[in-house]
>>> print(open('target_38.txt').read())   # compact mmCIF, C-alpha atoms
# COMPACT_ATOMS: atom_id res chain seq x y z
CA VAL A 14 127.59 93.53 59.50
CA THR A 15 127.39 92.31 56.00
CA ASP A 16 124.14 92.34 54.13
CA SER A 17 124.18 88.58 53.75
CA GLU A 18 124.55 87.99 57.48
CA PHE A 19 121.82 90.42 58.25
CA ASP A 20 119.54 88.91 55.64
CA VAL A 21 120.06 85.48 57.12
CA TRP A 22 119.15 86.77 60.54
CA ARG A 23 116.09 88.48 59.14
CA ARG A 24 115.01 85.34 57.39
CA ILE A 25 115.38 83.35 60.58
CA GLY A 26 113.21 85.86 62.36
CA ALA A 27 110.64 85.65 59.60
CA VAL A 28 110.07 81.92 59.76
CA THR A 29 106.35 81.27 59.75
CA PRO A 30 105.14 79.42 62.80
CA ASP A 31 103.74 75.99 62.27
CA MET A 32 99.96 76.12 62.07
CA SER A 33 99.41 73.20 64.40
CA VAL A 34 101.66 74.84 66.98
CA ARG A 35 99.86 78.09 66.46
CA GLU A 36 96.45 76.52 67.04
CA ALA A 37 97.77 74.68 70.08
CA ALA A 38 98.86 78.02 71.48
CA ARG A 39 95.43 79.44 70.72
CA HIS A 40 93.74 76.59 72.58
CA ALA A 41 96.07 77.07 75.54
CA MET A 42 95.20 80.74 75.58
CA LEU A 43 91.45 80.07 75.37
CA ASP A 44 91.73 77.49 78.13
CA GLU A 45 93.30 80.17 80.26
CA VAL A 46 90.52 82.56 79.29
CA ALA A 47 87.93 80.00 80.40
CA LEU A 48 89.85 79.36 83.61
CA ALA A 49 90.10 83.07 84.33
CA GLY A 50 86.41 83.43 83.58
CA SER A 51 85.46 80.66 85.95
CA SER A 52 87.70 82.04 88.66
CA ASN A 53 86.16 85.44 88.11
CA ALA A 54 82.73 83.83 88.31
CA PHE A 55 83.75 82.14 91.55
CA GLY A 56 84.99 85.46 92.85
CA HIS A 57 81.72 87.00 91.80
CA HIS A 58 79.79 84.34 93.71
CA VAL A 59 81.98 84.94 96.75
CA TRP A 60 81.34 88.63 96.44
CA ARG A 61 77.62 88.04 96.11
CA PHE A 62 77.67 85.71 99.10
CA ARG A 63 79.48 88.29 101.19
CA ASN A 64 77.27 90.97 99.80
CA SER A 65 74.15 89.00 100.64
CA TRP A 66 75.35 88.60 104.20
CA ALA A 67 76.08 92.30 104.38
CA ALA A 68 72.66 93.07 102.97
CA ALA A 69 71.00 90.72 105.43
CA ALA A 70 72.90 92.27 108.32
CA ALA A 71 71.98 95.76 107.15
CA MET A 72 68.35 94.73 106.79
CA ALA A 73 68.33 93.19 110.25
CA ALA A 74 69.87 96.33 111.68
CA GLY A 75 67.25 98.38 109.90
CA VAL A 76 64.44 96.23 111.26
CA ILE A 77 65.83 96.59 114.76
CA VAL A 78 66.11 100.35 114.44
CA VAL A 79 62.58 100.64 113.07
CA GLY A 80 61.32 98.36 115.81
CA LEU A 81 62.96 100.47 118.46
CA GLY A 82 61.63 103.65 116.92
CA TRP A 83 58.13 102.35 116.24
CA ASN A 84 56.73 103.78 119.45
CA ALA A 85 59.67 105.93 120.47
CA PRO A 86 58.35 108.73 122.69
CA ALA A 87 58.73 112.33 121.71
CA GLY A 88 62.16 113.71 122.46
CA SER A 89 63.92 110.40 121.92
CA PRO A 90 66.43 110.04 119.08
CA LEU A 91 64.24 107.53 117.23
CA HIS A 92 61.03 109.52 117.53
CA GLY A 93 61.38 110.42 113.85
CA ILE A 94 60.56 106.83 112.99
CA ARG A 95 57.32 107.07 114.98
CA ASP A 96 56.54 110.38 113.30
CA ALA A 97 57.13 108.80 109.92
CA ARG A 98 54.92 105.85 110.79
CA GLN A 99 52.15 108.15 111.94
CA GLY A 100 52.53 110.28 108.82
CA ILE A 101 52.21 107.18 106.65
CA THR A 102 49.16 106.06 108.60
CA LEU A 103 47.52 109.43 108.13
CA SER A 104 48.26 109.40 104.41
CA LEU A 105 46.61 106.03 103.82
CA PRO A 106 43.43 106.32 101.78
CA GLY A 107 40.26 106.09 103.83
CA ALA A 108 42.01 106.90 107.09
CA ASP A 109 39.84 108.54 109.77
CA LEU A 110 42.10 111.46 110.45
CA ALA A 111 40.31 112.71 113.54
CA ALA A 112 40.33 109.27 115.12
CA LEU A 113 43.98 108.80 114.27
CA HIS A 114 44.97 112.17 115.73
CA LEU A 115 43.08 111.28 118.88
CA LYS A 116 44.80 107.92 119.01
CA PHE A 117 48.20 109.53 118.61
CA ALA A 118 47.37 112.11 121.25
CA GLU A 119 46.33 109.39 123.69
CA GLN A 120 49.57 107.59 123.06
CA ASP A 121 51.46 110.80 123.81
CA LEU A 122 49.44 111.22 126.98
CA ARG A 123 50.29 107.70 128.04
CA ASP A 124 53.97 108.43 127.42
CA ALA A 125 53.71 111.59 129.48
CA SER A 126 51.94 109.82 132.32
CA GLN A 127 54.75 107.25 132.31
CA GLY A 128 57.27 110.06 132.58
CA LEU A 129 58.74 109.58 129.11
CA ASP A 130 59.91 113.10 128.25
CA ARG A 131 56.78 114.72 129.57
CA THR A 132 57.36 118.11 128.01
CA ALA A 133 57.79 116.81 124.45
CA SER A 134 55.06 114.20 124.84
CA LEU A 135 52.54 116.73 126.15
CA SER A 136 53.49 119.13 123.39
CA ASP A 137 52.89 116.42 120.82
CA ALA A 138 49.61 115.50 122.47
CA GLY A 139 48.50 119.12 122.38
CA ASN A 140 49.31 119.33 118.70
CA GLU A 141 47.45 116.13 117.93
CA LEU A 142 44.40 117.22 119.93
CA ALA A 143 44.39 120.59 118.20
CA LYS A 144 44.35 118.85 114.83
CA ALA A 145 41.60 116.51 115.95
CA LYS A 146 39.60 119.42 117.29
CA THR A 147 39.85 121.21 113.99
CA LEU A 148 38.55 118.15 112.21
CA LEU A 149 35.76 117.50 114.70
CA ALA A 150 34.63 121.10 115.18
CA ALA A 151 31.73 120.64 112.82
CA ASN A 152 30.43 117.55 114.56
CA GLN A 153 30.48 118.14 118.29
CA HIS A 154 27.85 115.51 119.03
CA SER A 155 29.92 112.58 117.89
CA ALA A 156 31.56 110.05 120.14
CA LEU A 157 34.91 111.28 118.98
CA TRP A 158 34.13 114.74 120.25
CA ASP A 159 33.44 113.34 123.70
CA GLU A 160 36.67 111.44 123.48
CA LEU A 161 38.42 114.63 122.47
CA VAL A 162 37.00 116.48 125.46
CA GLY A 163 38.16 113.73 127.74
CA ASP A 164 41.62 113.78 126.23
CA GLU A 165 41.82 117.54 126.59
CA GLN A 166 40.98 117.18 130.23
CA ARG A 167 43.64 114.57 130.65
CA LEU A 168 46.10 116.86 128.95
CA ASP A 169 45.11 119.69 131.22
CA GLN A 170 45.68 117.48 134.21
CA GLU A 171 49.05 116.44 132.95
CA VAL A 172 50.04 120.04 132.26
CA ASN A 173 48.64 121.35 135.53
CA PRO A 174 48.71 118.45 137.90
CA PRO A 175 46.61 118.82 141.07
CA ALA A 176 48.40 120.05 144.15
CA PRO A 177 49.56 117.30 146.47
CA SER A 178 47.20 116.53 149.32
CA PRO A 179 48.21 118.19 152.61
CA ALA A 180 49.56 116.29 155.54
CA PRO A 181 46.81 114.69 157.64
CA THR A 182 47.88 116.59 160.80
CA GLU A 183 47.22 119.96 159.26
CA THR A 184 43.83 121.48 159.64
CA PRO A 185 42.38 122.26 156.30
CA GLU A 186 41.82 125.91 155.95
CA PRO A 187 38.60 127.05 154.51
CA ALA A 188 38.87 128.10 151.01
CA GLU A 189 38.60 131.82 150.71
CA THR A 190 38.60 131.87 147.01
CA GLY A 191 37.05 129.85 144.27
CA ALA A 192 40.04 127.50 143.99
CA PRO A 193 39.24 123.79 144.10
CA ARG A 194 39.77 121.96 147.32
CA ALA A 195 42.66 119.68 147.91
CA THR A 196 40.35 116.77 148.51
CA GLU A 197 38.87 117.10 145.07
CA PRO A 198 39.30 113.91 143.03
CA PRO A 199 42.26 114.10 140.67
CA HIS A 200 40.19 113.30 137.63
CA ALA A 201 37.99 116.31 138.06
CA THR A 202 37.32 117.89 134.76
CA GLU A 203 37.76 121.44 133.75
CA SER A 204 34.01 121.96 133.68
CA GLU A 205 33.80 120.63 137.19
CA HIS A 206 36.38 123.18 138.16
CA GLN A 207 34.19 125.84 136.71
CA ASN A 208 31.16 124.47 138.51
CA SER A 209 32.95 124.38 141.81
CA GLU A 210 33.94 127.98 141.37
CA SER A 211 30.46 129.23 140.61
CA GLN A 212 28.36 126.90 142.73
CA PRO A 213 30.01 125.23 145.67
CA ALA A 214 28.74 121.77 146.33
CA ASN A 215 28.32 122.44 150.03
CA PRO A 216 27.05 125.90 150.82
CA THR A 217 28.27 125.61 154.36
CA ASP A 218 31.82 125.66 153.03
CA SER A 219 31.22 129.00 151.53
CA VAL A 220 33.06 131.91 153.01
CA GLN A 221 30.37 134.33 151.95
CA PRO A 222 27.39 133.80 154.31
CA SER A 223 25.98 137.18 153.44
CA PHE A 224 24.61 135.62 150.27
CA ASN A 225 21.64 134.30 152.35
CA PRO A 226 18.90 136.83 151.86
CA GLU A 227 17.30 135.87 155.17
CA ASN A 228 20.37 136.97 157.05
CA SER A 229 20.69 140.20 155.17
CA THR A 230 18.85 142.48 157.64
CA PRO A 231 18.93 146.17 157.23
CA GLU A 232 21.10 146.35 160.35
CA SER A 233 23.64 143.92 159.16
CA SER A 234 23.47 144.53 155.50
CA GLY A 235 25.25 147.79 155.23
CA SER A 236 27.38 150.09 157.29
CA SER A 237 25.63 153.08 155.88
CA THR A 238 22.55 152.34 158.05
CA GLY A 239 24.50 152.97 161.16
CA ASP A 240 26.01 156.03 159.64
CA GLY A 241 22.75 157.57 158.96
CA VAL B 52 112.89 83.55 49.74
CA ASN B 53 115.72 84.75 47.58
CA PRO B 54 118.62 85.92 49.72
CA GLY B 55 119.12 89.06 47.69
CA GLU B 56 115.54 90.29 47.83
CA PRO B 57 114.47 92.78 50.43
CA TYR B 58 112.24 91.11 52.89
CA PRO B 59 108.59 91.94 52.29
CA ARG B 60 107.05 94.20 54.86
CA ARG B 61 104.13 92.79 56.76
CA ASP B 62 102.07 95.88 56.37
CA LYS B 63 99.07 93.82 55.33
CA HIS B 64 98.63 92.91 58.98
CA ARG B 65 98.57 96.48 60.11
CA LEU B 66 95.35 97.77 61.48
CA GLU B 67 95.65 101.04 59.62
CA ASP B 68 95.27 99.44 56.21
CA ASP B 69 91.97 99.96 54.50
CA ASP B 70 92.31 96.92 52.25
CA SER B 71 92.31 94.66 55.23
CA LYS B 72 91.88 90.92 54.99
CA ASP B 73 89.74 88.57 56.98
CA THR B 74 92.03 88.25 59.95
CA GLU B 75 92.60 91.95 60.37
CA VAL B 76 91.07 94.21 62.94
CA LYS B 77 90.13 97.70 61.93
CA PRO B 78 91.48 100.56 64.02
CA VAL B 79 88.10 101.46 65.36
CA ASP B 80 87.63 97.92 66.55
CA LEU B 81 90.87 97.39 68.46
CA ALA B 82 89.63 99.19 71.54
CA GLU B 83 86.52 97.04 71.48
CA VAL B 84 88.64 93.93 70.96
CA VAL B 85 90.70 94.83 74.01
CA SER B 86 87.52 95.52 75.98
CA MET B 87 86.16 92.14 74.99
CA ALA B 88 89.41 90.52 76.06
CA VAL B 89 89.28 92.33 79.38
CA ARG B 90 85.75 91.00 79.84
CA GLY B 91 87.09 87.50 79.15
CA GLU B 92 85.30 87.02 75.87
CA PRO B 93 87.04 84.42 73.65
CA ALA B 94 86.24 86.41 70.50
CA GLY B 95 88.36 89.29 71.76
CA TRP B 96 91.23 86.99 72.58
CA ASN B 97 91.02 85.27 69.22
CA ALA B 98 91.27 88.64 67.53
CA LEU B 99 94.29 89.64 69.60
CA PHE B 100 95.89 86.27 68.95
CA ASP B 101 95.40 86.55 65.20
CA ARG B 102 96.76 90.05 65.17
CA PHE B 103 99.83 89.72 67.39
CA TYR B 104 100.84 86.06 67.37
CA ASP B 105 103.23 86.40 64.44
CA ASP B 106 104.88 89.50 65.87
CA VAL B 107 105.48 87.82 69.19
CA TYR B 108 106.72 84.65 67.59
CA ARG B 109 109.13 86.47 65.30
CA TYR B 110 110.40 88.56 68.17
CA ALA B 111 111.11 85.46 70.23
CA LEU B 112 112.65 83.62 67.33
CA SER B 113 114.91 86.52 66.40
CA ARG B 114 116.06 86.76 69.99
CA LEU B 115 116.64 83.05 70.59
CA GLY B 116 117.03 81.51 67.19
CA ARG B 117 115.29 78.33 68.25
CA ARG B 118 111.93 77.59 66.75
CA GLU B 119 110.71 75.22 69.46
CA VAL B 120 111.64 77.59 72.23
CA ALA B 121 110.12 80.51 70.36
CA GLU B 122 106.88 78.57 69.96
CA ASP B 123 106.76 77.68 73.63
CA ILE B 124 107.52 81.19 74.69
CA THR B 125 104.95 82.64 72.32
CA GLN B 126 102.27 80.37 73.73
CA ASP B 127 103.35 81.32 77.21
CA VAL B 128 103.13 84.99 76.31
CA PHE B 129 99.45 84.72 75.39
CA VAL B 130 98.62 82.65 78.45
CA THR B 131 100.33 85.25 80.59
CA ALA B 132 98.54 88.02 78.71
CA VAL B 133 95.17 86.54 79.70
CA ARG B 134 96.12 86.90 83.35
CA ALA B 135 97.61 90.36 82.90
CA ILE B 136 95.17 91.97 80.48
CA ARG B 137 93.90 94.39 83.12
CA SER B 138 97.33 96.00 83.19
CA LEU B 139 96.88 97.07 79.56
CA ARG B 140 95.87 100.72 79.75
CA ASP B 141 96.25 101.82 76.16
CA SER B 142 94.27 100.05 73.46
CA ARG B 143 96.00 101.69 70.50
CA GLU B 144 97.82 99.39 68.13
CA PRO B 145 101.45 100.30 68.97
CA ALA B 146 100.74 100.19 72.68
CA VAL B 147 99.06 96.80 72.51
CA GLN B 148 101.85 95.39 70.38
CA ALA B 149 104.47 96.86 72.70
CA TRP B 150 102.64 95.31 75.64
CA PHE B 151 102.76 91.84 74.05
CA LEU B 152 106.41 92.25 73.07
CA ARG B 153 107.27 93.42 76.57
CA ILE B 154 105.81 90.23 77.98
CA CYS B 155 107.73 88.28 75.35
CA ARG B 156 110.98 90.04 76.17
CA ASN B 157 110.57 89.20 79.85
CA LYS B 158 109.89 85.58 78.94
CA VAL B 159 113.02 85.48 76.78
CA ILE B 160 115.12 86.96 79.57
CA ASP B 161 113.67 84.46 82.03
CA TYR B 162 114.42 81.65 79.64
CA GLN B 163 117.98 82.79 79.14
CA ARG B 164 118.50 83.07 82.86
CA GLN B 165 117.16 79.58 83.41
CA THR B 166 119.14 77.91 80.68
CA GLY B 167 122.29 79.93 81.15
CA LYS B 168 124.47 79.93 78.13
CA LEU B 169 122.61 78.94 75.03
CA ALA B 170 123.41 75.76 73.26
CA THR B 171 125.83 76.10 70.46
CA LEU B 172 124.33 78.12 67.71
CA THR B 173 125.24 75.61 65.09
CA GLN B 174 123.23 72.90 66.80
CA ARG B 175 120.11 74.94 67.17
CA LEU B 176 120.28 76.30 63.65
CA GLU B 177 120.66 72.82 62.25
CA ARG B 178 117.58 71.72 64.11
CA ASP B 179 115.38 74.73 63.86
CA THR B 180 116.01 76.85 60.81
CA PRO B 181 117.79 74.93 58.09
CA ALA B 182 115.49 75.99 55.30
CA ALA B 183 115.19 79.61 56.28
CA ALA B 184 118.85 80.06 56.88
CA GLY B 185 119.70 78.81 53.44
CA GLY B 186 122.04 75.97 54.31
CA GLU B 187 125.25 75.55 56.24
CA ALA B 188 126.83 78.78 55.13
CA GLY B 189 123.72 80.64 56.14
CA ASP B 190 123.64 78.87 59.48
CA GLU B 191 127.12 80.04 60.30
CA ARG B 192 126.43 83.59 59.29
CA ALA B 193 123.24 83.68 61.32
CA ALA B 194 125.08 82.11 64.25
CA HIS B 195 127.51 84.97 64.21
CA VAL B 196 124.69 87.47 64.29
CA PHE B 197 122.93 85.70 67.18
CA ASP B 198 126.16 85.57 69.18
CA ALA B 199 126.81 89.23 68.51
CA LEU B 200 123.24 90.13 69.46
CA GLN B 201 123.79 88.69 72.91
CA LYS B 202 126.41 91.34 73.51
CA LEU B 203 124.06 94.22 72.82
CA THR B 204 121.91 95.99 75.31
CA GLU B 205 118.18 95.24 75.57
CA ALA B 206 117.30 98.53 73.91
CA GLN B 207 119.72 97.89 71.06
CA ARG B 208 118.35 94.40 70.49
CA ASP B 209 114.81 95.74 70.65
CA VAL B 210 115.36 98.42 68.09
CA LEU B 211 117.05 96.04 65.66
CA ILE B 212 114.31 93.43 65.99
CA ARG B 213 111.56 95.99 65.60
CA ARG B 214 113.17 97.68 62.63
CA PHE B 215 114.55 94.67 60.74
CA ILE B 216 112.45 91.72 61.86
CA LEU B 217 109.06 93.29 62.56
CA ASP B 218 109.62 95.93 59.87
CA GLN B 219 108.29 98.71 62.04
CA SER B 220 108.66 102.32 61.02
CA LEU B 221 110.81 104.71 63.03
CA GLU B 222 107.66 106.41 64.29
CA THR B 223 106.13 103.15 65.46
CA VAL B 224 109.33 102.09 67.19
CA ALA B 225 109.59 105.49 68.80
CA GLU B 226 106.07 105.27 70.15
CA ALA B 227 106.52 101.72 71.36
CA MET B 228 109.81 102.50 73.07
CA ARG B 229 108.60 105.87 74.31
CA ARG B 230 111.39 107.75 72.59
CA ASN B 231 111.47 110.35 69.90
CA VAL B 232 112.35 109.47 66.33
CA GLY B 233 115.80 111.03 66.53
CA SER B 234 116.60 108.98 69.58
CA VAL B 235 115.48 105.81 67.82
CA LYS B 236 117.66 106.64 64.82
CA SER B 237 120.62 107.18 67.09
CA LEU B 238 119.89 103.99 69.01
CA GLN B 239 119.61 102.01 65.80
CA HIS B 240 122.91 103.44 64.55
CA ARG B 241 124.72 102.56 67.75
CA ALA B 242 123.15 99.09 67.73
CA LEU B 243 124.36 98.39 64.21
CA GLU B 244 127.85 99.67 65.06
CA ALA B 245 127.98 97.49 68.15
CA LEU B 246 126.78 94.50 66.17
CA HIS B 247 129.40 95.15 63.54
CA ARG B 248 132.17 95.35 66.11
CA GLU B 249 131.06 92.10 67.69
CA MET B 250 130.91 90.39 64.33
CA GLU B 251 134.41 91.58 63.46
CA ARG B 252 135.73 90.49 66.81
CA LYS B 253 134.28 87.00 66.29
CA GLN B 254 135.89 86.73 62.89
>>> encode(input="target_38.txt", output="structure tokens")
Amino acid sequence: VTDSEFDVWRRIGAVTPDMSVREAARHAMLDEVALAGSSNAFGHHVWRFRNSWAAAAAMAAGVIVVGLGWNAPAGSPLHGIRDARQGITLSLPGADLAALHLKFAEQDLRDASQGLDRTASLSDAGNELAKAKTLLAANQHSALWDELVGDEQRLDQEVNPPAPSPAPTETPEPAETGAPRATEPPHATESEHQNSESQPANPTDSVQPSFNPENSTPESSGSSTGDG
Amino acid sequence: VNPGEPYPRRDKHRLEDDDSKDTEVKPVDLAEVVSMAVRGEPAGWNALFDRFYDDVYRYALSRLGRREVAEDITQDVFVTAVRAIRSLRDSREPAVQAWFLRICRNKVIDYQRQTGKLATLTQRLERDTPAAAGGEAGDERAAHVFDALQKLTEAQRDVLIRRFILDQSLETVAEAMRRNVGSVKSLQHRALEALHREMERKQ
């Protein structure tokens, strides 16, 4: 390749582009930039639209889950939501903690009475009542204390339900011990149990007639008299 | 341009130069320019256009020899670049230039496939580059070179254009072509030999 041929080729390759053509190319490029930008913006809007639908669906699912778990009984998979709700309620400023614990305990008792995981519900109720009792210990003359006592009795009944009533054909056996009778009303309180053990309502039902001092003669009162 | 004078290097457009002019982009800014272009900011694209338009145009013109076609292809290169900018991974100067020239090379190949055999070199030189070629005698000589260039391989054409049209250094060519300097020297030597053989065969 001769130098002259090569120089000619190099000069051809070095021709300066026409400025008007150059600016036309620039405008074409910038038009494409604008077009790409608008298409990207459209894609962004599509993404946002899809994303908004996804967000709405996720939010709806969340609301449903929270709704299902709002009063989920103890032992259920969503009970954590109810625990969280109760925790938030307790943490609110000005909340009456004792009243709230009683309220939660009563809800647990209702769950237990409805057969919703009795063991876990009664356990929760016991915990709530214990907390309420701690808070109310200093003020045992308040209405809440009475409510607490009533709830404790309900809990006791749920934990130790009364024995089923015997068949009507069976003859009721006289109670030989201080145990409550089968005919005792189911809502009898613990204190009533204690009363029935110490002082029977009907003395004739007692199995210990020797308590009557009139019947306690020296002949019948002790075997040692005959021995002597 | 006097035929006997060595063609002036276009180093003033290089990003590495400290005495840069208004249209130049400093090295530290090229990455930001590319980032702006990726974000679709016109300022970034204007900077890339100012920096690489001449290189792309000269590459196309030296491959095809037709000014109108080179102008069309160069415009098409930048339009295509807008769509493909996310494929540009390296924002260093040689890599960005190589990326533009790669697009241009593909456009040239597509053009040559579509048009088949090029029009007679004499016709296109008469229309496109009469002044630059230096008259009829120059047209014929350049026509011989263009015909001979078509017989070379892509790599051989690339190295000749980069070295003698774009005035790139061996190191720059090596980086752009992902070869070592010795390989580029060897490739350039073989390309010149092949071009010489083709020119002799034509004569």
>>> closest_atom_pairs(input="target_38.txt", of="chain A", to="chain B", cutoff="10 Å", atoms="only C-alpha atoms", output="Markdown table")
| residue | atom | partner | partner_atom | distance |
| --- | --- | --- | --- | --- |
| A:Val14 | CA | B:His247 | CA | 4.7 |
| A:Thr15 | CA | B:His247 | CA | 8.3 |
| A:Asp16 | CA | B:Gly55 | CA | 8.8 |
| A:Ser17 | CA | B:Pro54 | CA | 7.4 |
| A:Glu18 | CA | B:Arg192 | CA | 5.1 |
| A:Phe19 | CA | B:Val196 | CA | 7.3 |
| A:Asp20 | CA | B:Pro54 | CA | 6.7 |
| A:Val21 | CA | B:Ala184 | CA | 5.6 |
| A:Trp22 | CA | B:Ala193 | CA | 5.2 |
| A:Arg23 | CA | B:Ile216 | CA | 5.6 |
| A:Arg24 | CA | B:Ala183 | CA | 5.8 |
| A:Ile25 | CA | B:Ala183 | CA | 5.7 |
| A:Gly26 | CA | B:Ser113 | CA | 4.4 |
| A:Ala27 | CA | B:Arg109 | CA | 6.0 |
| A:Val28 | CA | B:Ala183 | CA | 6.6 |
| A:Thr29 | CA | B:Asp105 | CA | 7.6 |
| A:Pro30 | CA | B:Tyr108 | CA | 7.3 |
| A:Asp31 | CA | B:Glu122 | CA | 8.7 |
| A:Val34 | CA | B:Glu122 | CA | 7.1 |
| A:Arg35 | CA | B:Glu122 | CA | 7.9 |
| A:Glu36 | CA | B:Gln126 | CA | 9.7 |
| A:Ala37 | CA | B:Gln126 | CA | 8.1 |
| A:Ala38 | CA | B:Gln126 | CA | 4.7 |
| A:Arg39 | CA | B:Phe100 | CA | 7.1 |
| A:His40 | CA | B:Gln126 | CA | 9.4 |
| A:Ala41 | CA | B:Val130 | CA | 6.8 |
| A:Met42 | CA | B:Val130 | CA | 4.9 |
| A:Leu43 | CA | B:Pro93 | CA | 6.4 |
| A:Asp44 | CA | B:Val130 | CA | 8.6 |
| A:Glu45 | CA | B:Val130 | CA | 6.1 |
| A:Val46 | CA | B:Gly91 | CA | 6.0 |
| A:Ala47 | CA | B:Gly91 | CA | 7.6 |
| A:Leu48 | CA | B:Gly91 | CA | 9.7 |
| A:Ala49 | CA | B:Arg134 | CA | 7.2 |
| A:Gly50 | CA | B:Gly91 | CA | 6.1 |
| A:Ser51 | CA | B:Gly91 | CA | 9.8 |
| A:Asn53 | CA | B:Gly91 | CA | 9.2 |
>>> residues_around(input="target_38.txt", residues="stretch 154-166 of chain A", least_positions_apart="6", cutoff="8 Å", atoms="only C-alpha atoms", output="PyMOL selection string")
chain A and resi 111-112+115+118-119+142+145-146+202-203
>>> residues_around(input="target_38.txt", residues="stretch 99-105 of chain A", least_positions_apart="4", cutoff="10 Å", atoms="all atoms listed in the file", output="number ranges by chain")
A: 83-84, 93-95, 109-111, 113-114, 117
>>> atom_distance(input="target_38.txt", atom1="atom CA of A:Gly82", atom2="atom CA of A:Ala69")
19.7 Å
>>> atom_distance(input="target_38.txt", atom1="atom CA of B:Ala227", atom2="atom CA of B:Asp198")
25.5 Å
>>> atom_distance(input="target_38.txt", atom1="atom CA of A:Ser89", atom2="atom CA of A:Pro174")
23.5 Å
>>> residues_around(input="target_38.txt", residues="B:Ser234", least_positions_apart="4", cutoff="8 Å", atoms="only C-alpha atoms", output="list in words")
Ala225, Arg230 and Leu238 of chain B
>>> write_last_selection(input="target_38.txt", atoms="C-alpha atoms", output="short mmCIF file (atom, residue, chain, number, x, y, z; two decimals), in the frame of the given file")
data_model
loop_
_atom_site.label_atom_id
_atom_site.label_comp_id
_atom_site.auth_asym_id
_atom_site.auth_seq_id
_atom_site.Cartn_x
_atom_site.Cartn_y
_atom_site.Cartn_z
CA ALA B 225 109.59 105.49 68.80
CA ARG B 230 111.39 107.75 72.59
CA LEU B 238 119.89 103.99 69.01
#
>>> decode(input="target_38.txt", residues="stretch 38-51 of chain A", atoms="N, CA and C atoms", output="PDB file, in the first residue's frame")
ATOM      1  N   ALA A  38     -29.005  14.303  13.870  1.00  0.00           N
ATOM      2  CA  ALA A  38     -28.765  13.034  14.569  1.00  0.00           C
ATOM      3  C   ALA A  38     -28.940  13.215  16.079  1.00  0.00           C
ATOM      4  N   ARG A  39     -28.494  14.360  16.574  1.00  0.00           N
ATOM      5  CA  ARG A  39     -28.652  14.625  18.004  1.00  0.00           C
ATOM      6  C   ARG A  39     -30.140  14.680  18.376  1.00  0.00           C
ATOM      7  N   HIS A  40     -30.915  15.371  17.549  1.00  0.00           N
ATOM      8  CA  HIS A  40     -32.352  15.471  17.837  1.00  0.00           C
ATOM      9  C   HIS A  40     -33.011  14.096  17.789  1.00  0.00           C
ATOM     10  N   ALA A  41     -32.597  13.289  16.808  1.00  0.00           N
ATOM     11  CA  ALA A  41     -33.162  11.935  16.725  1.00  0.00           C
ATOM     12  C   ALA A  41     -32.832  11.142  17.987  1.00  0.00           C
ATOM     13  N   MET A  42     -31.597  11.315  18.427  1.00  0.00           N
ATOM     14  CA  MET A  42     -31.191  10.602  19.649  1.00  0.00           C
ATOM     15  C   MET A  42     -32.005  11.097  20.850  1.00  0.00           C
ATOM     16  N   LEU A  43     -32.158  12.406  20.978  1.00  0.00           N
ATOM     17  CA  LEU A  43     -32.886  12.946  22.131  1.00  0.00           C
ATOM     18  C   LEU A  43     -34.375  12.579  22.071  1.00  0.00           C
ATOM     19  N   ASP A  44     -34.902  12.506  20.839  1.00  0.00           N
ATOM     20  CA  ASP A  44     -36.286  12.029  20.717  1.00  0.00           C
ATOM     21  C   ASP A  44     -36.406  10.607  21.257  1.00  0.00           C
ATOM     22  N   GLU A  45     -35.412   9.819  20.930  1.00  0.00           N
ATOM     23  CA  GLU A  45     -35.426   8.431  21.422  1.00  0.00           C
ATOM     24  C   GLU A  45     -35.277   8.403  22.944  1.00  0.00           C
ATOM     25  N   VAL A  46     -34.459   9.305  23.462  1.00  0.00           N
ATOM     26  CA  VAL A  46     -34.306   9.391  24.923  1.00  0.00           C
ATOM     27  C   VAL A  46     -35.653   9.727  25.567  1.00  0.00           C
ATOM     28  N   ALA A  47     -36.348  10.706  24.973  1.00  0.00           N
ATOM     29  CA  ALA A  47     -37.655  11.087  25.526  1.00  0.00           C
ATOM     30  C   ALA A  47     -38.636   9.933  25.414  1.00  0.00           C
ATOM     31  N   LEU A  48     -38.593   9.244  24.273  1.00  0.00           N
ATOM     32  CA  LEU A  48     -39.503   8.113  24.083  1.00  0.00           C
ATOM     33  C   LEU A  48     -39.211   7.015  25.102  1.00  0.00           C
ATOM     34  N   ALA A  49     -37.919   6.737  25.273  1.00  0.00           N
ATOM     35  CA  ALA A  49     -37.541   5.705  26.256  1.00  0.00           C
ATOM     36  C   ALA A  49     -37.958   6.133  27.650  1.00  0.00           C
ATOM     37  N   GLY A  50     -37.800   7.439  27.930  1.00  0.00           N
ATOM     38  CA  GLY A  50     -38.200   7.927  29.252  1.00  0.00           C
ATOM     39  C   GLY A  50     -39.678   7.787  29.478  1.00  0.00           C
ATOM     40  N   SER A  51     -40.475   8.118  28.446  1.00  0.00           N
ATOM     41  CA  SER A  51     -41.920   7.997  28.622  1.00  0.00           C
ATOM     42  C   SER A  51     -42.337   6.541  28.742  1.00  0.00           C
TER      43      SER A  51
END
